[in-house]
file upload-v3.cif (mmCIF, C-alpha atoms and all ligand atoms)
data_entry
loop_
_atom_site.label_atom_id
_atom_site.label_comp_id
_atom_site.auth_asym_id
_atom_site.auth_seq_id
_atom_site.Cartn_x
_atom_site.Cartn_y
_atom_site.Cartn_z
CA MET H 21 2.99 -7.80 26.19
CA GLU H 22 1.26 -10.01 23.63
CA GLU H 23 -1.24 -11.24 26.22
CA GLU H 24 -1.98 -7.69 27.31
CA ILE H 25 -2.57 -6.65 23.71
CA ARG H 26 -4.92 -9.59 23.10
CA ALA H 27 -6.84 -8.74 26.30
CA LEU H 28 -7.10 -5.07 25.31
CA LYS H 29 -8.33 -5.99 21.86
CA ALA H 30 -11.12 -8.07 23.38
CA ARG H 31 -12.02 -5.47 26.03
CA LYS H 32 -12.18 -2.62 23.53
CA ASN H 33 -13.88 -4.67 20.80
CA ALA H 34 -11.03 -3.68 18.51
CA VAL H 35 -9.88 -5.10 15.21
CA VAL H 36 -6.19 -4.80 14.31
CA MET H 37 -5.14 -4.67 10.66
CA ALA H 38 -1.51 -4.79 9.62
CA HIS H 39 0.20 -4.24 6.29
CA ASN H 40 2.52 -6.94 4.91
CA TYR H 41 5.53 -4.69 5.67
CA GLN H 42 4.79 -4.41 9.41
CA PRO H 43 7.21 -6.07 11.85
CA LEU H 44 6.37 -9.77 12.26
CA GLU H 45 5.46 -9.40 15.96
CA ILE H 46 2.75 -6.92 14.92
CA GLN H 47 1.55 -9.14 12.05
CA ARG H 48 1.20 -12.03 14.54
CA LEU H 49 -1.25 -10.04 16.66
CA ALA H 50 -3.27 -8.67 13.75
CA ASP H 51 -6.72 -9.94 12.78
CA VAL H 52 -6.07 -8.99 9.16
CA VAL H 53 -2.70 -8.88 7.37
CA GLY H 54 -2.70 -7.77 3.77
CA ASP H 55 -1.91 -5.31 1.01
CA SER H 56 -3.40 -1.83 0.74
CA LEU H 57 -6.48 -3.01 -1.13
CA GLU H 58 -7.19 -5.90 1.25
CA ILE H 59 -6.89 -3.60 4.26
CA ALA H 60 -9.21 -1.02 2.66
CA VAL H 61 -11.88 -3.64 1.86
CA LYS H 62 -11.69 -5.21 5.34
CA ALA H 63 -11.79 -1.79 7.01
CA LYS H 64 -14.95 -0.93 5.10
CA GLU H 65 -16.61 -4.15 6.31
CA ALA H 66 -15.37 -3.89 9.93
CA ARG H 67 -18.03 -3.69 12.65
CA ALA H 68 -15.65 -3.38 15.63
CA ASP H 69 -15.78 -0.27 17.83
CA LEU H 70 -12.12 0.47 17.21
CA ILE H 71 -10.16 -0.11 14.01
CA VAL H 72 -6.40 -0.06 14.57
CA ILE H 73 -4.34 0.28 11.41
CA CYS H 74 -0.74 -0.83 11.82
CA GLY H 75 0.85 0.66 8.74
CA VAL H 76 1.24 4.22 7.52
CA ARG H 77 -1.08 7.22 7.61
CA PHE H 78 -2.68 6.88 4.18
CA MET H 79 -3.89 3.38 5.10
CA ALA H 80 -5.56 4.63 8.29
CA GLU H 81 -7.09 7.58 6.42
CA THR H 82 -8.52 5.22 3.80
CA ALA H 83 -10.03 3.07 6.55
CA LYS H 84 -11.64 6.13 8.16
CA ILE H 85 -13.00 7.38 4.83
CA LEU H 86 -14.59 4.00 4.10
CA ASN H 87 -15.98 3.49 7.59
CA PRO H 88 -16.55 6.98 9.04
CA GLU H 89 -18.82 5.81 11.89
CA ARG H 90 -15.96 3.89 13.55
CA LYS H 91 -13.03 5.21 15.52
CA VAL H 92 -9.91 4.56 13.41
CA ILE H 93 -6.50 4.85 15.01
CA LEU H 94 -2.90 4.88 13.80
CA PRO H 95 -0.58 3.81 16.65
CA VAL H 96 2.33 6.03 15.50
CA LYS H 97 1.23 9.55 14.61
CA ASP H 98 4.19 10.26 12.31
CA ALA H 99 4.19 7.01 10.34
CA GLY H 100 3.84 8.39 6.81
CA CYS H 101 4.68 7.47 3.24
CA PRO H 102 7.34 9.60 1.50
CA LEU H 103 5.88 8.51 -1.86
CA ALA H 104 2.49 10.00 -0.90
CA ASP H 105 4.22 13.31 -0.07
CA PHE H 106 5.21 13.77 -3.74
CA LEU H 107 1.66 14.67 -4.76
CA THR H 108 -0.08 17.84 -3.59
CA PRO H 109 -3.58 19.08 -4.43
CA ASP H 110 -2.01 21.99 -6.37
CA LEU H 111 -0.07 19.62 -8.64
CA ILE H 112 -3.32 17.87 -9.56
CA ARG H 113 -5.14 21.15 -10.18
CA GLU H 114 -2.31 22.41 -12.45
CA ALA H 115 -2.23 19.14 -14.43
CA LYS H 116 -6.00 19.19 -14.77
CA GLU H 117 -5.84 22.71 -16.20
CA ARG H 118 -3.35 21.54 -18.82
CA TYR H 119 -5.28 18.34 -19.65
CA PRO H 120 -8.97 19.14 -19.03
CA ASP H 121 -10.19 15.94 -20.76
CA ALA H 122 -7.97 13.64 -18.76
CA ALA H 123 -9.18 11.41 -15.93
CA VAL H 124 -7.37 11.71 -12.61
CA VAL H 125 -6.25 8.36 -11.16
CA VAL H 126 -4.61 8.52 -7.77
CA TYR H 127 -2.65 5.72 -6.12
CA VAL H 128 -3.94 5.00 -2.60
CA ASN H 129 -0.46 5.99 -1.38
CA SER H 130 -1.66 9.61 -1.20
CA THR H 131 -3.23 12.02 1.25
CA ALA H 132 -7.00 12.25 1.76
CA GLU H 133 -6.95 15.79 0.26
CA VAL H 134 -5.37 14.42 -2.93
CA LYS H 135 -7.83 11.51 -3.12
CA ALA H 136 -10.65 14.04 -2.85
CA LEU H 137 -9.54 15.47 -6.23
CA ALA H 138 -9.36 12.09 -7.98
CA ASP H 139 -11.93 10.54 -10.29
CA ILE H 140 -10.87 7.16 -8.97
CA THR H 141 -8.12 5.65 -6.82
CA CYS H 142 -6.11 2.50 -7.45
CA THR H 143 -3.69 0.24 -5.63
CA SER H 144 -0.82 -1.80 -7.03
CA ALA H 145 -3.23 -4.78 -7.11
CA ASN H 146 -5.70 -3.18 -9.51
CA ALA H 147 -4.01 -0.20 -11.26
CA VAL H 148 -4.26 -1.66 -14.79
CA ARG H 149 -7.85 -2.74 -14.30
CA VAL H 150 -8.85 0.65 -12.90
CA VAL H 151 -7.29 2.60 -15.80
CA ALA H 152 -8.72 0.16 -18.36
CA SER H 153 -12.20 0.77 -16.91
CA LEU H 154 -12.07 4.49 -17.83
CA PRO H 155 -13.32 5.89 -21.17
CA ASN H 156 -10.68 8.68 -21.24
CA ASP H 157 -7.66 8.31 -23.55
CA THR H 158 -5.46 10.50 -21.36
CA ILE H 159 -4.88 9.67 -17.71
CA LEU H 160 -3.20 11.84 -15.10
CA PHE H 161 -1.63 9.31 -12.75
CA GLY H 162 0.14 10.02 -9.46
CA PRO H 163 2.18 10.00 -7.38
CA ASP H 164 4.17 6.91 -8.44
CA ALA H 165 5.81 7.33 -11.87
CA ASN H 166 7.02 3.70 -11.81
CA LEU H 167 3.50 2.35 -11.31
CA ALA H 168 2.40 4.76 -14.07
CA ALA H 169 5.02 3.19 -16.39
CA TYR H 170 3.74 -0.28 -15.46
CA VAL H 171 0.18 0.70 -16.39
CA GLN H 172 1.39 2.32 -19.62
CA ARG H 173 3.16 -0.90 -20.64
CA HIS H 174 -0.08 -2.86 -20.17
CA LEU H 175 -2.31 -0.28 -21.82
CA PRO H 176 -0.38 1.18 -24.80
CA GLU H 177 -3.62 2.59 -26.24
CA LYS H 178 -3.81 5.11 -23.34
CA THR H 179 -1.59 8.10 -22.67
CA ILE H 180 -0.54 7.98 -19.04
CA ILE H 181 0.94 11.20 -17.69
CA PRO H 182 2.76 10.81 -14.37
CA VAL H 183 2.07 13.61 -11.88
CA PRO H 184 4.65 14.61 -10.76
CA PRO H 185 7.03 13.21 -13.38
CA GLY H 186 9.49 11.72 -10.87
CA GLY H 187 7.34 10.51 -7.95
CA HIS H 188 8.78 7.32 -6.48
CA CYS H 189 9.18 5.19 -3.38
CA TYR H 190 12.79 5.27 -2.17
CA VAL H 191 12.61 1.64 -1.00
CA HIS H 192 11.67 0.30 -4.44
CA ALA H 193 13.83 2.82 -6.35
CA GLY H 194 16.79 1.20 -4.56
CA PHE H 195 16.56 -2.00 -6.63
CA THR H 196 19.20 -2.08 -9.39
CA LEU H 197 20.31 -4.21 -12.31
CA ALA H 198 23.09 -5.52 -10.03
CA ASP H 199 20.33 -7.01 -7.83
CA ILE H 200 18.84 -8.65 -10.92
CA GLU H 201 22.24 -10.13 -11.79
CA ALA H 202 22.74 -11.45 -8.24
CA ALA H 203 19.27 -13.06 -8.26
CA ARG H 204 19.93 -14.70 -11.63
CA LYS H 205 23.21 -16.15 -10.27
CA ARG H 206 21.22 -17.73 -7.43
CA GLY H 207 18.82 -19.23 -9.96
CA ALA H 208 15.85 -17.50 -8.33
CA THR H 209 12.60 -16.38 -9.93
CA ILE H 210 12.50 -12.58 -9.69
CA VAL H 211 9.23 -11.23 -8.33
CA CYS H 212 9.02 -7.44 -8.16
CA HIS H 213 6.54 -4.86 -6.94
CA PRO H 214 5.31 -2.43 -9.63
CA GLU H 215 6.81 0.45 -7.62
CA CYS H 216 10.24 -0.79 -8.82
CA PRO H 217 11.83 1.20 -11.69
CA PRO H 218 10.86 0.23 -15.27
CA GLU H 219 14.26 -1.37 -16.04
CA ILE H 220 13.71 -3.73 -13.09
CA GLN H 221 10.11 -4.47 -14.12
CA GLU H 222 11.34 -5.40 -17.63
CA GLN H 223 13.81 -7.94 -16.23
CA ALA H 224 11.51 -9.44 -13.57
CA ASP H 225 9.76 -12.78 -14.09
CA ARG H 226 6.64 -11.65 -12.24
CA ILE H 227 5.23 -8.32 -11.09
CA ALA H 228 2.75 -8.25 -8.22
CA SER H 229 1.35 -6.23 -5.35
CA THR H 230 2.30 -7.50 -1.91
CA GLY H 231 -1.05 -9.33 -1.67
CA GLY H 232 -0.46 -10.71 -5.17
CA MET H 233 2.91 -12.08 -4.00
CA VAL H 234 1.20 -13.95 -1.16
CA ARG H 235 -1.34 -15.48 -3.55
CA GLU H 236 1.11 -16.29 -6.35
CA ALA H 237 3.60 -17.89 -3.97
CA ALA H 238 0.95 -20.49 -3.05
CA ALA H 239 1.18 -21.93 -6.55
CA GLY H 240 4.84 -21.07 -7.26
CA GLU H 241 7.88 -23.25 -6.74
CA GLY H 242 11.67 -22.93 -6.55
CA PRO H 243 13.53 -20.04 -4.93
CA TRP H 244 12.15 -16.52 -5.26
CA SER H 245 14.05 -13.22 -5.06
CA VAL H 246 11.52 -10.77 -3.74
CA PHE H 247 12.05 -7.18 -4.92
CA THR H 248 10.07 -5.21 -2.37
CA GLU H 249 10.30 -4.21 1.31
CA ARG H 250 12.18 -6.97 3.10
CA GLU H 251 9.45 -7.81 5.67
CA MET H 252 7.43 -9.25 2.81
CA VAL H 253 9.88 -12.13 2.82
CA SER H 254 9.35 -12.70 6.56
CA ARG H 255 5.64 -13.04 5.82
CA LEU H 256 6.18 -15.39 2.88
CA ARG H 257 8.48 -17.57 5.01
CA VAL H 258 5.79 -17.87 7.70
CA LEU H 259 3.14 -18.77 5.13
CA TYR H 260 5.28 -21.16 3.07
CA PRO H 261 7.91 -22.63 5.42
CA GLY H 262 9.23 -25.16 2.89
CA ARG H 263 10.09 -22.52 0.27
CA VAL H 264 13.24 -20.44 -0.26
CA PHE H 265 12.80 -16.65 -0.43
CA TYR H 266 15.59 -14.08 -0.73
CA GLU H 267 15.19 -10.48 0.43
CA LYS H 268 17.34 -7.39 -0.08
CA PRO H 269 18.43 -6.52 3.50
CA GLU H 270 18.68 -2.78 2.73
CA ALA H 271 15.10 -2.60 1.38
CA VAL H 272 13.52 -1.21 4.54
CA CYS H 273 10.62 1.22 4.80
CA ALA H 274 11.53 3.23 7.91
CA ASP H 275 7.95 4.41 8.46
CA MET H 276 6.57 0.86 8.37
CA LYS H 277 9.08 -0.11 11.06
CA MET H 278 8.03 2.62 13.51
CA THR H 279 5.25 0.55 15.10
CA SER H 280 6.36 -1.50 18.10
CA LEU H 281 4.36 -3.78 20.41
CA ALA H 282 4.53 -1.02 23.05
CA ASP H 283 3.00 1.42 20.53
CA LEU H 284 0.19 -1.03 19.76
CA ARG H 285 -0.54 -1.56 23.45
CA ARG H 286 -0.59 2.19 24.14
CA ALA H 287 -2.72 2.80 21.06
CA LEU H 288 -5.33 0.31 22.30
CA GLU H 289 -5.22 1.57 25.88
CA ARG H 290 -5.53 5.28 25.05
CA GLU H 291 -7.33 4.91 21.71
CA GLU H 292 -4.77 7.09 19.96
CA TYR H 293 -4.00 8.52 17.48
CA GLU H 294 -7.47 9.01 16.13
CA ILE H 295 -7.82 9.85 12.42
CA VAL H 296 -9.91 13.00 12.00
CA LEU H 297 -10.65 14.38 8.53
CA SER H 298 -12.93 17.13 7.26
CA PRO H 299 -16.36 15.81 6.18
CA GLY H 300 -16.09 17.40 2.70
CA VAL H 301 -12.71 15.80 1.98
CA MET H 302 -13.95 12.45 3.32
CA GLU H 303 -17.04 12.44 1.13
CA ARG H 304 -15.18 13.28 -2.10
CA ALA H 305 -12.34 10.86 -1.34
CA ARG H 306 -14.88 8.15 -0.46
CA GLN H 307 -16.46 8.38 -3.89
CA ALA H 308 -13.05 7.91 -5.58
CA ILE H 309 -12.20 4.91 -3.38
CA GLU H 310 -15.66 3.32 -3.71
CA ARG H 311 -15.36 3.55 -7.52
CA MET H 312 -12.08 1.63 -7.25
CA ILE H 313 -13.62 -1.04 -5.02
CA ALA H 314 -16.47 -1.45 -7.50
CA VAL H 315 -13.90 -2.13 -10.28
CA GLY H 316 -12.45 -4.94 -8.15
CA ALA H 317 -9.00 -6.40 -7.58
P1 LIG Q 1 0.67 -2.93 -1.66
O1 LIG Q 1 -0.67 -2.37 -1.92
O2 LIG Q 1 1.18 -3.81 -2.77
O3 LIG Q 1 0.71 -3.62 -0.35
O4 LIG Q 1 1.73 -1.75 -1.63
C1 LIG Q 1 1.69 -0.73 -0.67
C2 LIG Q 1 2.97 -0.08 -0.54
O5 LIG Q 1 3.12 0.86 0.17
C3 LIG Q 1 4.07 -0.60 -1.34
O6 LIG Q 1 5.22 0.06 -1.04
FE1 LIG Q 2 5.45 4.37 1.05
FE2 LIG Q 2 7.47 3.05 -0.10
FE3 LIG Q 2 7.00 2.75 2.51
FE4 LIG Q 2 5.32 1.71 0.68
S1 LIG Q 2 7.44 1.12 1.05
S2 LIG Q 2 4.75 2.84 2.55
S3 LIG Q 2 5.42 3.28 -0.90
S4 LIG Q 2 7.63 4.63 1.48
#
call {"tool": "encode", "arguments": {"input": "upload-v3.cif", "output": "structure tokens", "more": "lines below"}}
Ligand code: 13P
Ligand code: SF4
result
Amino acid sequence: MEEEIRALKARKNAVVMAHNYQPLEIQRLADVVGDSLEIAVKAKEARADLIVICGVRFMAETAKILNPERKVILPVKDAGCPLADFLTPDLIREAKERYPDAAVVVYVNSTAEVKALADITCTSANAVRVVASLPNDTILFGPDANLAAYVQRHLPEKTIIPVPPGGHCYVHAGFTLADIEAARKRGATIVCHPECPPEIQEQADRIASTGGMVREAAAGEGPWSVFTEREMVSRLRVLYPGRVFYEKPEAVCADMKMTSLADLRRALEREEYEIVLSPGVMERARQAIERMIAVGA
């Protein structure tokens, strides 16, 4: 299967990009493995005929928006992000009516239609930097209320209003103070994703995006308890075989696990499922994402 996929990639002049939460067998076949921001930047630069995004829908949509001339495909049509589903265009419009002077900052974990209403997007790797770059005192931030709290803690001079108030990722919301206690007993450094609840962020030793975890682990030492989707630990173990990393076995993103090798082979063979978005939505969303890229990681 792996050989067939490699042959198809070459024949179709395809580039395969996988998120850090993808199954390891998919990561092994990918040309790029990274966090949401890294995938977006690489997708924008890609010159291949076919861009295959192994991840969830918002990642493939972002790739298409940034590189509209290319054919972008998502191997599993229904691979979505329940966090993204918290935020609708109507919720943004209503919030904007109530706070007309506020800037709208939208996490990339959102639909293209929602991004099209944003002043700027952000990822977990650059959320603080993006918000700090804005002149507005009030920021409407969605859909992740935990990431909003993280930004608020770093920028107390701003008023960050989460839209909706309780948007969250169920995988990261599952981390509890009991997990913190267990990690402390093991003597591990606690590294958490900013999608974890505020009480977990306050107890963690480090907070980082998934790409940030990869970079920071290069310089880190001693055991780490990694508070994010468990595949992140598989990736860290591959990159740093001498190190000890603990995962939470129940921290699984079901949508990220939908992609199998058979799906990837079929996706390359049939060039499905192609991402198609309306030109108006793409253009407005592109401006919001490009502004984020200009701010940097
Ligand atoms: P990263 O941008 O840190 O990879 O996060 C994406 C995501 O979906 C986290 O749950
Ligand atoms: Fe969405 Fe959470 Fe899965 Fe990330 S881990 S893709 S935020 S559901």
call {"tool": "closest_atom_pairs", "arguments": {"input": "upload-v3.cif", "of": "chain H", "to": "ligand LIG 1 (chain Q)", "cutoff": "6 Å", "atoms": "all atoms listed in the file", "output": "JSON lines"}}
result
{"residue": "H:Asp55", "atom": "CA", "partner": "Q:LIG1", "partner_atom": "O3", "distance": 3.4}
{"residue": "H:Ser56", "atom": "CA", "partner": "Q:LIG1", "partner_atom": "O1", "distance": 3.8}
{"residue": "H:Leu57", "atom": "CA", "partner": "Q:LIG1", "partner_atom": "O1", "distance": 5.9}
{"residue": "H:Thr143", "atom": "CA", "partner": "Q:LIG1", "partner_atom": "O1", "distance": 5.4}
{"residue": "H:Ser144", "atom": "CA", "partner": "Q:LIG1", "partner_atom": "O2", "distance": 5.1}
{"residue": "H:Ser229", "atom": "CA", "partner": "Q:LIG1", "partner_atom": "O2", "distance": 3.5}
{"residue": "H:Thr230", "atom": "CA", "partner": "Q:LIG1", "partner_atom": "O2", "distance": 4.0}
call {"tool": "residues_near_ligand", "arguments": {"input": "upload-v3.cif", "ligand": "ligand LIG 2 (chain Q)", "cutoff": "6 Å", "atoms": "only C-alpha atoms and all ligand atoms", "output": "PyMOL selection string"}}
result
chain H and resi 101-103+189+191+273
call {"tool": "write_last_selection", "arguments": {"input": "upload-v3.cif", "atoms": "C-alpha atoms", "output": "mmCIF file, keeping the file's coordinate frame"}}
result
data_model
loop_
_atom_site.group_PDB
_atom_site.id
_atom_site.type_symbol
_atom_site.label_atom_id
_atom_site.label_comp_id
_atom_site.auth_asym_id
_atom_site.auth_seq_id
_atom_site.Cartn_x
_atom_site.Cartn_y
_atom_site.Cartn_z
ATOM 1 C CA CYS H 101 4.680 7.470 3.240
ATOM 2 C CA PRO H 102 7.340 9.600 1.500
ATOM 3 C CA LEU H 103 5.880 8.510 -1.860
ATOM 4 C CA CYS H 189 9.180 5.190 -3.380
ATOM 5 C CA VAL H 191 12.610 1.640 -1.000
ATOM 6 C CA CYS H 273 10.620 1.220 4.800
#
call {"tool": "atom_distance", "arguments": {"input": "upload-v3.cif", "atom1": "CA of Pro182 (chain H)", "atom2": "CA of Ala198 (chain H)"}}
result
26.4 Å
call {"tool": "residues_near_point", "arguments": {"input": "upload-v3.cif", "point": "(17.8, -16.6, -5.4)", "cutoff": "10 Å", "atoms": "all atoms listed in the file", "output": "ChimeraX atom specification"}}
result
/H:200,202-210,242-246,264-267
call {"tool": "closest_residue", "arguments": {"input": "upload-v3.cif", "among": "H:Ile181, H:Val61, H:Ala123, H:Cys212", "to": "Ala314 (chain H)", "atoms": "only C-alpha atoms"}}
result
H:Val61
call {"tool": "residues_around", "arguments": {"input": "upload-v3.cif", "residues": "Ala308 (chain H)", "least_positions_apart": "4", "cutoff": "6 Å", "atoms": "all atoms listed in the file", "output": "PyMOL selection string"}}
result
chain H and resi 139-141
call {"tool": "write_last_selection", "arguments": {"input": "upload-v3.cif", "atoms": "C-alpha atoms", "output": "short mmCIF file (atom, residue, chain, number, x, y, z; two decimals), in the coordinates of the input"}}
result
data_model
loop_
_atom_site.label_atom_id
_atom_site.label_comp_id
_atom_site.auth_asym_id
_atom_site.auth_seq_id
_atom_site.Cartn_x
_atom_site.Cartn_y
_atom_site.Cartn_z
CA ASP H 139 -11.93 10.54 -10.29
CA ILE H 140 -10.87 7.16 -8.97
CA THR H 141 -8.12 5.65 -6.82
#
call {"tool": "residues_around", "arguments": {"input": "upload-v3.cif", "residues": "Leu167 (chain H)", "least_positions_apart": "4", "cutoff": "9 Å", "atoms": "all atoms listed in the file", "output": "count of residues only"}}
result
15
call {"tool": "residues_around", "arguments": {"input": "upload-v3.cif", "residues": "region 67-70 of chain H", "least_positions_apart": "2", "cutoff": "10 Å", "atoms": "only C-alpha atoms", "output": "PyMOL selection string"}}
result
chain H and resi 29+32-36+62-65+72-73+87+89-93+288+291+294
call {"tool": "closest_residue", "arguments": {"input": "upload-v3.cif", "among": "H:Ser153, H:Asn40, H:Ser130, H:Gln47", "to": "Leu175 (chain H)", "atoms": "all atoms listed in the file"}}
result
H:Ser153
call {"tool": "residues_near_point", "arguments": {"input": "upload-v3.cif", "point": "(5.4, 13.4, -16.2)", "cutoff": "12 Å", "atoms": "only C-alpha atoms", "output": "PyMOL selection string"}}
result
chain H and resi 111-112+115+159-166+168-169+179-188
call {"tool": "decode", "arguments": {"input": "upload-v3.cif", "residues": "region 289-302 of chain H", "atoms": "N, CA, C and O atoms", "output": "compact mmCIF listing (two decimals), in the first residue's frame"}}
result
# COMPACT_ATOMS: atom_id res chain seq x y z
N GLU H 289 -5.82 8.35 -6.27
CA GLU H 289 -6.27 7.71 -7.51
C GLU H 289 -7.39 8.50 -8.18
O GLU H 289 -7.34 8.82 -9.36
N ARG H 290 -8.42 8.83 -7.36
CA ARG H 290 -9.63 9.45 -7.93
C ARG H 290 -9.65 10.96 -7.80
O ARG H 290 -10.61 11.61 -8.20
N GLU H 291 -8.63 11.50 -7.15
CA GLU H 291 -8.53 12.95 -6.90
C GLU H 291 -9.79 13.46 -6.20
O GLU H 291 -10.43 14.41 -6.63
N GLU H 292 -10.13 12.80 -5.10
CA GLU H 292 -11.31 13.19 -4.33
C GLU H 292 -10.95 13.28 -2.86
O GLU H 292 -9.98 12.62 -2.43
N TYR H 293 -11.60 14.09 -2.07
CA TYR H 293 -12.77 14.91 -2.40
C TYR H 293 -12.29 16.34 -2.60
O TYR H 293 -11.69 16.91 -1.68
N GLU H 294 -12.58 16.87 -3.76
CA GLU H 294 -12.06 18.20 -4.07
C GLU H 294 -12.76 19.28 -3.24
O GLU H 294 -13.98 19.25 -3.05
N ILE H 295 -11.99 20.24 -2.76
CA ILE H 295 -12.55 21.37 -2.00
C ILE H 295 -13.00 22.43 -3.01
O ILE H 295 -12.21 22.90 -3.82
N VAL H 296 -14.28 22.75 -2.95
CA VAL H 296 -14.84 23.78 -3.83
C VAL H 296 -15.55 24.82 -2.96
O VAL H 296 -16.41 24.47 -2.15
N LEU H 297 -15.15 26.08 -3.11
CA LEU H 297 -15.73 27.15 -2.30
C LEU H 297 -16.15 28.29 -3.22
O LEU H 297 -15.60 28.43 -4.32
N SER H 298 -17.09 29.11 -2.76
CA SER H 298 -17.54 30.21 -3.63
C SER H 298 -16.43 31.25 -3.72
O SER H 298 -15.73 31.52 -2.73
N PRO H 299 -16.25 31.85 -4.90
CA PRO H 299 -15.15 32.82 -5.09
C PRO H 299 -15.21 33.99 -4.11
O PRO H 299 -14.18 34.44 -3.61
N GLY H 300 -16.41 34.48 -3.80
CA GLY H 300 -16.54 35.62 -2.88
C GLY H 300 -16.05 35.26 -1.48
O GLY H 300 -15.29 36.02 -0.85
N VAL H 301 -16.48 34.11 -1.00
CA VAL H 301 -16.06 33.64 0.33
C VAL H 301 -14.54 33.46 0.33
O VAL H 301 -13.84 33.89 1.26
N MET H 302 -14.02 32.85 -0.73
CA MET H 302 -12.57 32.58 -0.79
C MET H 302 -11.78 33.88 -0.73
O MET H 302 -10.78 33.97 -0.02
